[in-house]
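File shown: data-v2.json. Contents: JSON, C-alpha atoms.
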[["chain", "number", "residue", "atom", "x", "y", "z"],
["V", 1, "MET", "CA", 0.00, 0.00, 0.00],
["V", 2, "PRO", "CA", 1.71, 3.23, -1.12],
["V", 3, "GLU", "CA", 1.63, 6.26, 1.10],
["V", 4, "THR", "CA", -0.49, 8.53, -1.06],
["V", 5, "THR", "CA", -0.29, 11.62, 1.10],
["V", 6, "ALA", "CA", 1.06, 12.69, 4.46],
["V", 7, "PHE", "CA", -1.75, 14.24, 6.49],
["V", 8, "GLY", "CA", -1.16, 15.00, 10.15],
["V", 9, "PRO", "CA", -3.73, 15.19, 12.98],
["V", 10, "ASP", "CA", -4.34, 18.91, 12.40],
["V", 11, "ASP", "CA", -4.99, 18.29, 8.70],
["V", 12, "LEU", "CA", -7.44, 15.51, 9.52],
["V", 13, "ASP", "CA", -9.24, 17.69, 12.07],
["V", 14, "SER", "CA", -9.55, 20.54, 9.55],
["V", 15, "TYR", "CA", -10.84, 18.20, 6.85],
["V", 16, "LEU", "CA", -13.51, 16.64, 9.07],
["V", 17, "ARG", "CA", -14.67, 20.11, 10.14],
["V", 18, "ARG", "CA", -14.81, 21.17, 6.49],
["V", 19, "ILE", "CA", -17.13, 18.31, 5.56],
["V", 20, "GLY", "CA", -19.12, 18.49, 8.80],
["V", 21, "TRP", "CA", -18.28, 14.94, 9.90],
["V", 22, "GLU", "CA", -18.86, 14.37, 13.62],
["V", 23, "GLY", "CA", -19.02, 10.59, 13.56],
["V", 24, "GLU", "CA", -16.49, 7.98, 14.59],
["V", 25, "ARG", "CA", -12.94, 8.03, 13.28],
["V", 26, "ARG", "CA", -12.71, 4.29, 12.76],
["V", 27, "ALA", "CA", -11.52, 2.36, 9.74],
["V", 28, "ASP", "CA", -14.84, 0.61, 9.12],
["V", 29, "ALA", "CA", -17.44, 0.54, 6.37],
["V", 30, "ALA", "CA", -19.85, 2.90, 8.15],
["V", 31, "THR", "CA", -17.17, 5.58, 8.54],
["V", 32, "LEU", "CA", -16.09, 5.13, 4.91],
["V", 33, "ARG", "CA", -19.64, 5.62, 3.65],
["V", 34, "GLY", "CA", -20.32, 8.54, 5.99],
["V", 35, "VAL", "CA", -17.14, 10.46, 5.21],
["V", 36, "HIS", "CA", -17.64, 9.82, 1.48],
["V", 37, "LEU", "CA", -21.17, 11.23, 1.54],
["V", 38, "ALA", "CA", -20.22, 14.22, 3.68],
["V", 39, "HIS", "CA", -17.36, 15.06, 1.31],
["V", 40, "THR", "CA", -19.53, 14.95, -1.82],
["V", 41, "ARG", "CA", -22.05, 17.34, -0.30],
["V", 42, "ALA", "CA", -19.55, 19.75, 1.24],
["V", 43, "ILE", "CA", -16.83, 20.31, -1.37],
["V", 44, "PRO", "CA", -17.89, 21.28, -4.91],
["V", 45, "PHE", "CA", -16.44, 20.06, -8.19],
["V", 46, "GLU", "CA", -14.83, 22.89, -10.16],
["V", 47, "ASN", "CA", -12.17, 23.56, -12.79],
["V", 48, "LEU", "CA", -11.47, 27.26, -12.17],
["V", 49, "ASP", "CA", -7.69, 26.78, -11.97],
["V", 50, "PRO", "CA", -7.36, 25.14, -15.42],
["V", 51, "LEU", "CA", -9.83, 27.70, -16.79],
["V", 52, "ARG", "CA", -7.45, 30.51, -15.82],
["V", 53, "GLY", "CA", -4.37, 28.68, -17.07],
["V", 54, "THR", "CA", -3.13, 27.12, -13.83],
["V", 55, "VAL", "CA", -2.37, 23.42, -13.29],
["V", 56, "PRO", "CA", -3.91, 22.35, -9.95],
["V", 57, "SER", "CA", -1.36, 21.12, -7.43],
["V", 58, "LEU", "CA", -1.68, 17.60, -6.04],
["V", 59, "VAL", "CA", 0.81, 18.23, -3.25],
["V", 60, "PRO", "CA", -0.86, 17.29, 0.07],
["V", 61, "ALA", "CA", -0.28, 20.68, 1.72],
["V", 62, "ASP", "CA", -1.74, 22.45, -1.32],
["V", 63, "LEU", "CA", -4.82, 20.23, -1.36],
["V", 64, "ILE", "CA", -5.45, 21.02, 2.29],
["V", 65, "ALA", "CA", -4.90, 24.74, 1.72],
["V", 66, "LYS", "CA", -7.25, 24.95, -1.27],
["V", 67, "LEU", "CA", -10.06, 22.45, -0.64],
["V", 68, "VAL", "CA", -10.07, 22.41, 3.14],
["V", 69, "ARG", "CA", -8.68, 25.51, 4.82],
["V", 70, "GLY", "CA", -9.54, 27.83, 1.93],
["V", 71, "GLY", "CA", -13.18, 27.11, 2.74],
["V", 72, "ARG", "CA", -14.83, 28.26, -0.49],
["V", 73, "ARG", "CA", -13.06, 26.38, -3.26],
["V", 74, "GLY", "CA", -13.38, 22.94, -4.77],
["V", 75, "GLY", "CA", -11.45, 20.99, -7.36],
["V", 76, "TYR", "CA", -11.68, 18.32, -10.02],
["V", 77, "CYS", "CA", -11.24, 14.56, -9.76],
["V", 78, "TYR", "CA", -7.52, 14.31, -9.04],
["V", 79, "GLU", "CA", -7.73, 16.90, -6.26],
["V", 80, "HIS", "CA", -10.85, 15.42, -4.66],
["V", 81, "ASN", "CA", -9.76, 11.81, -4.74],
["V", 82, "MET", "CA", -6.12, 12.47, -3.80],
["V", 83, "LEU", "CA", -7.43, 14.39, -0.80],
["V", 84, "LEU", "CA", -9.83, 11.59, 0.18],
["V", 85, "ALA", "CA", -7.09, 8.99, -0.28],
["V", 86, "GLY", "CA", -4.89, 10.79, 2.21],
["V", 87, "VAL", "CA", -7.73, 11.15, 4.69],
["V", 88, "LEU", "CA", -8.63, 7.47, 4.45],
["V", 89, "GLU", "CA", -5.03, 6.40, 4.93],
["V", 90, "ALA", "CA", -4.80, 8.66, 7.99],
["V", 91, "LEU", "CA", -7.90, 6.91, 9.36],
["V", 92, "GLY", "CA", -6.37, 3.47, 8.84],
["V", 93, "PHE", "CA", -7.84, 2.33, 5.51],
["V", 94, "GLY", "CA", -5.82, 0.85, 2.67],
["V", 95, "VAL", "CA", -6.08, 2.79, -0.60],
["V", 96, "THR", "CA", -5.11, 1.95, -4.17],
["V", 97, "LEU", "CA", -5.26, 4.63, -6.86],
["V", 98, "LEU", "CA", -7.03, 3.57, -10.07],
["V", 99, "THR", "CA", -7.69, 5.15, -13.44],
["V", 100, "ALA", "CA", -10.93, 4.94, -15.41],
["V", 101, "ARG", "CA", -12.29, 5.69, -18.85],
["V", 102, "VAL", "CA", -15.34, 7.98, -18.70],
["V", 103, "VAL", "CA", -17.86, 6.36, -21.05],
["V", 104, "VAL", "CA", -20.81, 8.75, -20.74],
["V", 105, "GLY", "CA", -21.37, 9.72, -24.36],
["V", 106, "ALA", "CA", -18.92, 7.21, -25.83],
["V", 107, "GLN", "CA", -19.80, 4.78, -28.58],
["V", 108, "ARG", "CA", -17.21, 2.31, -27.26],
["V", 109, "VAL", "CA", -15.23, 2.05, -24.03],
["V", 110, "GLU", "CA", -12.01, 2.09, -26.06],
["V", 111, "ASP", "CA", -12.88, 5.51, -27.51],
["V", 112, "ARG", "CA", -11.92, 7.23, -24.26],
["V", 113, "PRO", "CA", -8.52, 7.53, -22.56],
["V", 114, "ARG", "CA", -7.91, 6.71, -18.91],
["V", 115, "THR", "CA", -8.19, 10.23, -17.54],
["V", 116, "HIS", "CA", -10.46, 9.79, -14.52],
["V", 117, "MET", "CA", -9.17, 8.93, -11.05],
["V", 118, "THR", "CA", -11.01, 6.63, -8.66],
["V", 119, "LEU", "CA", -10.10, 4.70, -5.51],
["V", 120, "LEU", "CA", -10.10, 1.09, -4.36],
["V", 121, "VAL", "CA", -10.39, 1.01, -0.56],
["V", 122, "GLU", "CA", -9.55, -1.84, 1.80],
["V", 123, "VAL", "CA", -11.47, -1.91, 5.09],
["V", 124, "PRO", "CA", -9.65, -3.74, 7.91],
["V", 125, "GLY", "CA", -11.44, -6.98, 8.72],
["V", 126, "ASP", "CA", -13.71, -6.81, 5.65],
["V", 127, "PRO", "CA", -12.81, -9.21, 2.81],
["V", 128, "ARG", "CA", -14.51, -6.97, 0.24],
["V", 129, "PRO", "CA", -12.73, -3.96, -1.24],
["V", 130, "TYR", "CA", -14.83, -0.86, -1.88],
["V", 131, "LEU", "CA", -15.04, 1.54, -4.80],
["V", 132, "ALA", "CA", -14.82, 5.14, -3.58],
["V", 133, "ASP", "CA", -14.99, 8.24, -5.76],
["V", 134, "VAL", "CA", -15.74, 11.79, -4.59],
["V", 135, "GLY", "CA", -14.33, 13.36, -7.76],
["V", 136, "PHE", "CA", -16.79, 12.42, -10.50],
["V", 137, "GLY", "CA", -19.31, 15.12, -9.67],
["V", 138, "ALA", "CA", -22.02, 14.18, -12.18],
["V", 139, "PRO", "CA", -25.64, 13.17, -11.44],
["V", 140, "GLY", "CA", -24.53, 9.55, -11.93],
["V", 141, "ALA", "CA", -21.65, 9.81, -9.43],
["V", 142, "LEU", "CA", -21.39, 7.69, -6.31],
["V", 143, "LEU", "CA", -22.56, 9.43, -3.15],
["V", 144, "GLU", "CA", -21.26, 6.65, -0.89],
["V", 145, "ALA", "CA", -18.54, 4.06, -1.36],
["V", 146, "VAL", "CA", -19.90, 0.68, -2.54],
["V", 147, "PRO", "CA", -18.49, -2.86, -2.30],
["V", 148, "LEU", "CA", -16.64, -4.06, -5.38],
["V", 149, "THR", "CA", -19.24, -6.71, -6.20],
["V", 150, "ALA", "CA", -20.62, -7.43, -9.65],
["V", 151, "ASP", "CA", -24.31, -7.48, -10.58],
["V", 152, "VAL", "CA", -25.65, -6.20, -7.26],
["V", 153, "GLU", "CA", -27.74, -3.04, -7.04],
["V", 154, "PHE", "CA", -26.63, -0.54, -4.42],
["V", 155, "HIS", "CA", -28.69, 2.31, -2.98],
["V", 156, "ASP", "CA", -26.35, 5.09, -1.92],
["V", 157, "ALA", "CA", -28.05, 8.10, -0.32],
["V", 158, "GLY", "CA", -30.96, 8.06, -2.78],
["V", 159, "ARG", "CA", -29.04, 7.08, -5.92],
["V", 160, "ARG", "CA", -28.92, 3.61, -7.46],
["V", 161, "HIS", "CA", -25.72, 2.05, -8.79],
["V", 162, "ARG", "CA", -24.37, -1.30, -9.83],
["V", 163, "LEU", "CA", -21.06, -2.69, -11.05],
["V", 164, "VAL", "CA", -20.93, -5.02, -14.03],
["V", 165, "HIS", "CA", -18.20, -6.71, -16.03],
["V", 166, "ALA", "CA", -17.69, -5.93, -19.72],
["V", 167, "PRO", "CA", -15.57, -7.73, -22.33],
["V", 168, "HIS", "CA", -12.30, -6.15, -23.42],
["V", 169, "ARG", "CA", -8.88, -7.19, -24.72],
["V", 170, "GLY", "CA", -6.83, -6.75, -21.56],
["V", 171, "PRO", "CA", -5.73, -9.44, -19.08],
["V", 172, "LEU", "CA", -7.61, -7.90, -16.14],
["V", 173, "GLU", "CA", -11.37, -7.88, -15.63],
["V", 174, "LEU", "CA", -13.04, -4.69, -16.84],
["V", 175, "TRP", "CA", -15.47, -3.19, -14.33],
["V", 176, "VAL", "CA", -18.16, -0.70, -15.37],
["V", 177, "LEU", "CA", -19.97, 1.58, -12.93],
["V", 178, "GLN", "CA", -23.59, 2.08, -13.96],
["V", 179, "ALA", "CA", -26.08, 4.57, -12.53],
["V", 180, "HIS", "CA", -29.84, 4.24, -12.72],
["V", 181, "ALA", "CA", -31.56, 7.21, -14.33],
["V", 182, "ALA", "CA", -35.24, 7.88, -13.76],
["V", 183, "SER", "CA", -37.55, 8.63, -16.67],
["V", 184, "GLY", "CA", -36.77, 12.11, -17.92],
["V", 185, "GLU", "CA", -33.04, 11.87, -17.29],
["V", 186, "ASN", "CA", -31.11, 11.02, -20.43],
["V", 187, "GLY", "CA", -27.57, 11.54, -19.23],
["V", 188, "GLU", "CA", -26.90, 14.42, -21.58],
["V", 189, "ASN", "CA", -25.83, 16.75, -18.81],
["V", 190, "GLY", "CA", -22.41, 15.17, -19.15],
["V", 191, "ALA", "CA", -19.74, 13.83, -16.83],
["V", 192, "PRO", "CA", -16.13, 14.71, -16.06],
["V", 193, "GLY", "CA", -13.98, 14.16, -19.13],
["V", 194, "GLU", "CA", -16.66, 14.60, -21.78],
["V", 195, "PRO", "CA", -19.38, 17.02, -20.66],
["V", 196, "GLY", "CA", -22.50, 17.49, -22.74],
["V", 197, "THR", "CA", -22.54, 14.31, -24.82],
["V", 198, "SER", "CA", -24.51, 11.10, -25.13],
["V", 199, "GLY", "CA", -23.86, 7.83, -26.90],
["V", 200, "ALA", "CA", -24.36, 4.09, -27.18],
["V", 201, "ALA", "CA", -21.86, 3.14, -24.48],
["V", 202, "GLY", "CA", -23.66, 5.38, -22.01],
["V", 203, "THR", "CA", -26.96, 3.48, -21.85],
["V", 204, "SER", "CA", -27.47, -0.09, -20.68],
["V", 205, "LYS", "CA", -30.54, -2.27, -20.17],
["V", 206, "THR", "CA", -33.96, -0.73, -19.73],
["V", 207, "SER", "CA", -35.20, -1.16, -16.16],
["V", 208, "GLY", "CA", -38.94, -0.52, -15.96],
["V", 209, "GLU", "CA", -39.19, 3.12, -14.94],
["V", 210, "GLY", "CA", -35.75, 4.10, -16.22],
["V", 211, "VAL", "CA", -32.43, 2.95, -17.66],
["V", 212, "TRP", "CA", -28.99, 1.91, -16.45],
["V", 213, "GLN", "CA", -26.32, 4.23, -17.80],
["V", 214, "ALA", "CA", -22.63, 3.40, -17.85],
["V", 215, "GLN", "CA", -20.52, 6.09, -16.15],
["V", 216, "TYR", "CA", -16.94, 4.84, -16.37],
["V", 217, "ALA", "CA", -14.91, 1.68, -16.88],
["V", 218, "PHE", "CA", -11.80, 0.59, -15.00],
["V", 219, "THR", "CA", -9.50, -2.29, -14.15],
["V", 220, "LEU", "CA", -7.79, -2.91, -10.82],
["V", 221, "GLU", "CA", -4.28, -2.09, -12.06],
["V", 222, "PRO", "CA", -2.66, 0.17, -9.44],
["V", 223, "PHE", "CA", -1.51, 3.64, -10.48],
["V", 224, "GLU", "CA", 0.87, 5.89, -8.55],
["V", 225, "ARG", "CA", 1.17, 9.62, -7.79],
["V", 226, "PRO", "CA", 3.58, 10.31, -10.70],
["V", 227, "ASP", "CA", 1.04, 8.83, -13.13],
["V", 228, "PHE", "CA", -1.55, 11.35, -11.99],
["V", 229, "GLU", "CA", 0.89, 14.23, -12.11],
["V", 230, "VAL", "CA", 1.19, 13.55, -15.85],
["V", 231, "ILE", "CA", -2.54, 13.02, -16.41],
["V", 232, "ASN", "CA", -3.41, 16.09, -14.35],
["V", 233, "TRP", "CA", -1.03, 18.30, -16.36],
["V", 234, "HIS", "CA", -2.43, 17.00, -19.65],
["V", 235, "ILE", "CA", -6.08, 17.57, -18.71],
["V", 236, "ALA", "CA", -5.37, 21.04, -17.30],
["V", 237, "THR", "CA", -3.30, 22.30, -20.24],
["V", 238, "ASN", "CA", -4.44, 20.52, -23.40],
["V", 239, "PRO", "CA", -6.40, 23.08, -25.47],
["V", 240, "ARG", "CA", -8.80, 20.30, -26.49],
["V", 241, "SER", "CA", -9.62, 19.45, -22.89],
["V", 242, "PRO", "CA", -13.07, 20.66, -21.81],
["V", 243, "PHE", "CA", -11.60, 21.65, -18.46],
["V", 244, "SER", "CA", -9.18, 24.19, -19.93],
["V", 245, "SER", "CA", -11.70, 25.90, -22.19],
["V", 246, "ARG", "CA", -14.91, 26.54, -20.24],
["V", 247, "ALA", "CA", -16.31, 26.62, -16.73],
["V", 248, "TYR", "CA", -17.41, 23.22, -15.49],
["V", 249, "VAL", "CA", -18.76, 23.35, -11.95],
["V", 250, "GLN", "CA", -20.96, 20.87, -10.07],
["V", 251, "ARG", "CA", -22.49, 20.44, -6.66],
["V", 252, "SER", "CA", -24.66, 17.67, -5.21],
["V", 253, "THR", "CA", -26.99, 18.32, -2.28],
["V", 254, "ALA", "CA", -29.64, 16.17, -0.63],
["V", 255, "ASP", "CA", -32.35, 17.44, -2.99],
["V", 256, "ARG", "CA", -30.68, 18.45, -6.27],
["V", 257, "HIS", "CA", -27.62, 18.40, -8.49],
["V", 258, "LEU", "CA", -26.31, 21.65, -9.96],
["V", 259, "LEU", "CA", -24.12, 21.92, -13.05],
["V", 260, "LEU", "CA", -22.66, 25.00, -14.70],
["V", 261, "ASN", "CA", -21.32, 23.90, -18.09],
["V", 262, "GLY", "CA", -20.08, 27.03, -19.83],
["V", 263, "PRO", "CA", -23.00, 29.45, -19.63],
["V", 264, "LEU", "CA", -25.65, 26.72, -19.16],
["V", 265, "LEU", "CA", -26.92, 26.19, -15.62],
["V", 266, "THR", "CA", -28.69, 22.84, -15.13],
["V", 267, "GLU", "CA", -30.60, 21.74, -12.03],
["V", 268, "THR", "CA", -31.44, 18.03, -11.79],
["V", 269, "HIS", "CA", -33.74, 16.55, -9.14],
["V", 270, "PRO", "CA", -33.91, 12.91, -7.97],
["V", 271, "ASP", "CA", -37.20, 12.33, -9.81],
["V", 272, "GLY", "CA", -35.53, 13.21, -13.11],
["V", 273, "THR", "CA", -36.92, 16.75, -13.35],
["V", 274, "VAL", "CA", -34.44, 19.03, -15.11],
["V", 275, "LYS", "CA", -34.45, 22.83, -15.21],
["V", 276, "GLN", "CA", -32.07, 24.83, -17.37],
["V", 277, "ARG", "CA", -31.25, 28.46, -18.00],
["V", 278, "GLU", "CA", -28.41, 30.29, -19.69],
["V", 279, "LEU", "CA", -26.29, 32.80, -17.83],
["V", 280, "THR", "CA", -25.33, 35.80, -19.94],
["V", 281, "ASP", "CA", -23.74, 38.13, -17.42],
["V", 282, "GLU", "CA", -20.37, 37.65, -15.72],
["V", 283, "THR", "CA", -21.60, 39.28, -12.51],
["V", 284, "GLU", "CA", -24.59, 36.93, -12.38],
["V", 285, "ALA", "CA", -22.33, 33.92, -12.98],
["V", 286, "ARG", "CA", -20.12, 34.92, -10.04],
["V", 287, "ARG", "CA", -23.18, 35.40, -7.86],
["V", 288, "VAL", "CA", -24.52, 31.95, -8.79],
["V", 289, "LEU", "CA", -21.21, 30.30, -7.94],
["V", 290, "ASP", "CA", -21.09, 32.17, -4.65],
["V", 291, "GLU", "CA", -24.68, 31.57, -3.54],
["V", 292, "GLU", "CA", -25.58, 28.25, -5.18],
["V", 293, "PHE", "CA", -22.23, 26.43, -5.33],
["V", 294, "GLY", "CA", -20.45, 27.95, -2.33],
["V", 295, "ILE", "CA", -17.43, 28.97, -4.42],
["V", 296, "ALA", "CA", -15.42, 32.17, -4.13],
["V", 297, "VAL", "CA", -14.24, 32.82, -7.71],
["V", 298, "PRO", "CA", -10.57, 33.88, -7.87],
["V", 299, "ASP", "CA", -9.90, 37.39, -9.13],
["V", 300, "GLY", "CA", -9.22, 37.56, -12.84],
["V", 301, "THR", "CA", -11.23, 34.44, -13.69],
["V", 302, "ARG", "CA", -13.59, 34.77, -16.65],
["V", 303, "LEU", "CA", -16.48, 32.35, -16.28],
["V", 304, "LEU", "CA", -18.37, 33.05, -19.50],
["V", 305, "ALA", "CA", -16.50, 32.89, -22.80]]
Just give me the structure as structure tokens.
Amino acid sequence: MPETTAFGPDDLDSYLRRIGWEGERRADAATLRGVHLAHTRAIPFENLDPLRGTVPSLVPADLIAKLVRGGRRGGYCYEHNMLLAGVLEALGFGVTLLTARVVVGAQRVEDRPRTHMTLLVEVPGDPRPYLADVGFGAPGALLEAVPLTADVEFHDAGRRHRLVHAPHRGPLELWVLQAHAASGENGENGAPGEPGTSGAAGTSKTSGEGVWQAQYAFTLEPFERPDFEVINWHIATNPRSPFSSRAYVQRSTADRHLLLNGPLLTETHPDGTVKQRELTDETEARRVLDEEFGIAVPDGTRLLA
């Protein structure tokens, strides 16, 4: 088990205050699920650093300074999940860093590169590893960590997920995370990596009142910090990356999911109801991020192209 980060007691205290966690600090499944849920609802997903030409730092002290002690900032997947990995290790969990191919909107799994970060978590005394991911951000994202078990439906804080196997050419099993979408949700709000698209690989079997939609695909090959330094730099600086070219901000609460994708503000409710409006004024966009997303926009950032 690699040491992903080096968080001290003060860092852990600050993080738990930031997410509002007052439960036990034990390395068990209940704590894992509770901390995971509290994180997703407390710290927003945002790409404001790449938008203004800055590569986000994955150094532990910088993650704490920005996402925790800064108070009114968020980050994208590498920041969120690297932060959670360090917290979980400090609490006594085992953590393996994984990469995934975001398949929302893809015709084939192989059409997407491995640019998403997710976590495999070992709980002491539990033979099952867990999939944890606080950095996906989309309506189909996990709200709680779930056991790495195929073909079982999980209910995580009001959302429905399952993990399935899919054929591929590699030597390791390919896992696919699927989210259940109610009637009226078609997945076109996007997901980290490819916002605003839909495609054949993104929809699975019909399930009565809705559909199962594939979110991302991954194997259990371990990745290390240097791998994500490279991936992070590429996603933040490549002019073809959606994260370097337009605002992409998300927040999940108990009763809705908010997404600002460029100028388009989308509000999605658990029953599948979707409301959209376009922001046309920079001042209004800053106000929305402040009041609705809990984000203090850095000076000099232009939100609307």
- Message: Residues near range 81-91 of chain V, anyone? I mean within 7 Å using only C-alpha atoms, not counting same-chain ones fewer than 6 positions away, as a count of residues only.
- Response: 14
- Item | Two-atom distance - CA of Pro167 in chain V, CA of Ala179 in chain V (Å) |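 About the pair CA of Pro167 in chain V and CA of Ala179 in chain V: they are 18.9 Å apart.
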- Message: I'd like to know which of V:Val102, V:Ala138, V:Ala132, V:Leu172 is closest to Thr268 in chain V, using all atoms listed in the file.
- Response: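 Looking only at the distances to Thr268 in chain V, the closest residue turns out to be V:Ala138.
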- Message: Counting only C-alpha atoms, which residue out of V:Leu177, V:His36, V:Pro171, V:Gly272 sits closest to Glu209 in chain V?
- Response: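 Of V:Leu177, V:His36, V:Pro171, V:Gly272, the one nearest Glu209 in chain V, counting only C-alpha atoms, is V:Gly272.
Candidate residues V:Arg18, V:Leu260, V:Arg69, V:Leu289 were compared for distance to Gln276 in chain V, and the nearest is V:Leu260, using all atoms listed in the file.
Note that the spacing between CA of Leu304 in chain V and CA of Pro50 in chain V amounts to 14.2 Å.
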Spatial neighbours of Arg112 in chain V, max dist 10 Å, only C-alpha atoms, sep filter under 5 positions, as a compact mmCIF listing (two decimals) with C-alpha atoms, in the coordinates of the input:
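The resulting file, selection.txt, is reproduced below:
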# COMPACT_ATOMS: atom_id res chain seq x y z
CA ALA V 100 -10.93 4.94 -15.41
CA ARG V 101 -12.29 5.69 -18.85
CA VAL V 102 -15.34 7.98 -18.70
CA VAL V 103 -17.86 6.36 -21.05
CA VAL V 104 -20.81 8.75 -20.74
CA GLY V 105 -21.37 9.72 -24.36
CA ALA V 106 -18.92 7.21 -25.83
CA GLN V 107 -19.80 4.78 -28.58
CA GLY V 193 -13.98 14.16 -19.13
CA GLU V 194 -16.66 14.60 -21.78
CA TYR V 216 -16.94 4.84 -16.37
CA ALA V 217 -14.91 1.68 -16.88
- CA of Pro127 in chain V and CA of Pro147 in chain V are how many Å apart?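 Distance between the two atoms: 9.9 Å.
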- Excluding Arg160 in chain V and residues on its chain fewer than 4 positions from it, collect all residues at most 10 Å away from it, counting only C-alpha atoms, and give them as a list in words.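 My list of contacting residues is Gly140, Ala141, Leu142, Leu143, Glu153, Phe154, His155, Asp156, Gln178, Ala179, His180, Ala181, Ala182 and Trp212 of chain V.
The residue set within 10 Å of Thr149 in chain V, counting all atoms listed in the file and dropping same-chain residues fewer than 5 places from it, reads V:Arg128, V:Pro129, V:Tyr130, V:Leu131, V:Phe154, V:Arg162, V:Leu163, V:Val164, V:His165, V:Trp175.
The shortest atom-to-atom distance to Leu98 in chain V, with only C-alpha atoms taken into account, belongs to V:Arg225 out of V:Arg73, V:Arg302, V:Arg246, V:Arg225.
For the choices V:Gly210, V:Gly8, V:Pro222, V:Gly262, the atom-to-atom distance to Val95 in chain V is smallest for V:Pro222 when using only C-alpha atoms.
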Centre, x/y/z edge lengths, axis-aligned box for range 143-152 of chain V with 8 Å per side, as JSON:
{"center_x": -21.1, "center_y": 1.0, "center_z": -5.7, "size_x": 25.0, "size_y": 32.9, "size_z": 25.7}
- Message: Would you pick out the contacts of Pro124 in chain V at 8 Å or less, using only C-alpha atoms, so that residues sharing its chain but fewer than 2 positions from it are not included, and give the list as JSON, numbers by chain?
- Response: {"V": [27, 28, 92, 93, 94, 122, 126]}
What would the file look like if the residues just selected were written as a PDB file, keeping the file's coordinate frame with C-alpha atoms?
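Okay, selection.pdb is ready:
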ATOM      1  CA  ALA V  27     -11.520   2.360   9.740  1.00  0.00           C
ATOM      2  CA  ASP V  28     -14.840   0.610   9.120  1.00  0.00           C
ATOM      3  CA  GLY V  92      -6.370   3.470   8.840  1.00  0.00           C
ATOM      4  CA  PHE V  93      -7.840   2.330   5.510  1.00  0.00           C
ATOM      5  CA  GLY V  94      -5.820   0.850   2.670  1.00  0.00           C
ATOM      6  CA  GLU V 122      -9.550  -1.840   1.800  1.00  0.00           C
ATOM      7  CA  ASP V 126     -13.710  -6.810   5.650  1.00  0.00           C
TER       8      ASP V 126
END
- Closest to Asp10 in chain V among V:Gly75, V:Ala61, V:Arg287, V:Val152, using all atoms listed in the file?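 Among the listed residues, V:Ala61 lies closest to Asp10 in chain V.
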Go through range 13-97 of chain V residue by residue and, counting all atoms listed in the file, keep those with an atom at most 9 Å from range 226-231 of chain V; for each kept residue give the shortest atom pair and its distance in Å to one decimal, ordered by chain and increasing number, as a tab-separated table.
residue	atom	partner	partner_atom	distance
V:Ser57	CA	V:Glu229	CA	8.6
V:Leu58	CA	V:Glu229	CA	7.4
V:Tyr78	CA	V:Phe228	CA	7.3
Could you write those residues out with C-alpha atoms, as a compact mmCIF listing (two decimals), in the coordinates of the input?
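This went into selection-v1.txt:
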# COMPACT_ATOMS: atom_id res chain seq x y z
CA SER V 57 -1.36 21.12 -7.43
CA LEU V 58 -1.68 17.60 -6.04
CA TYR V 78 -7.52 14.31 -9.04
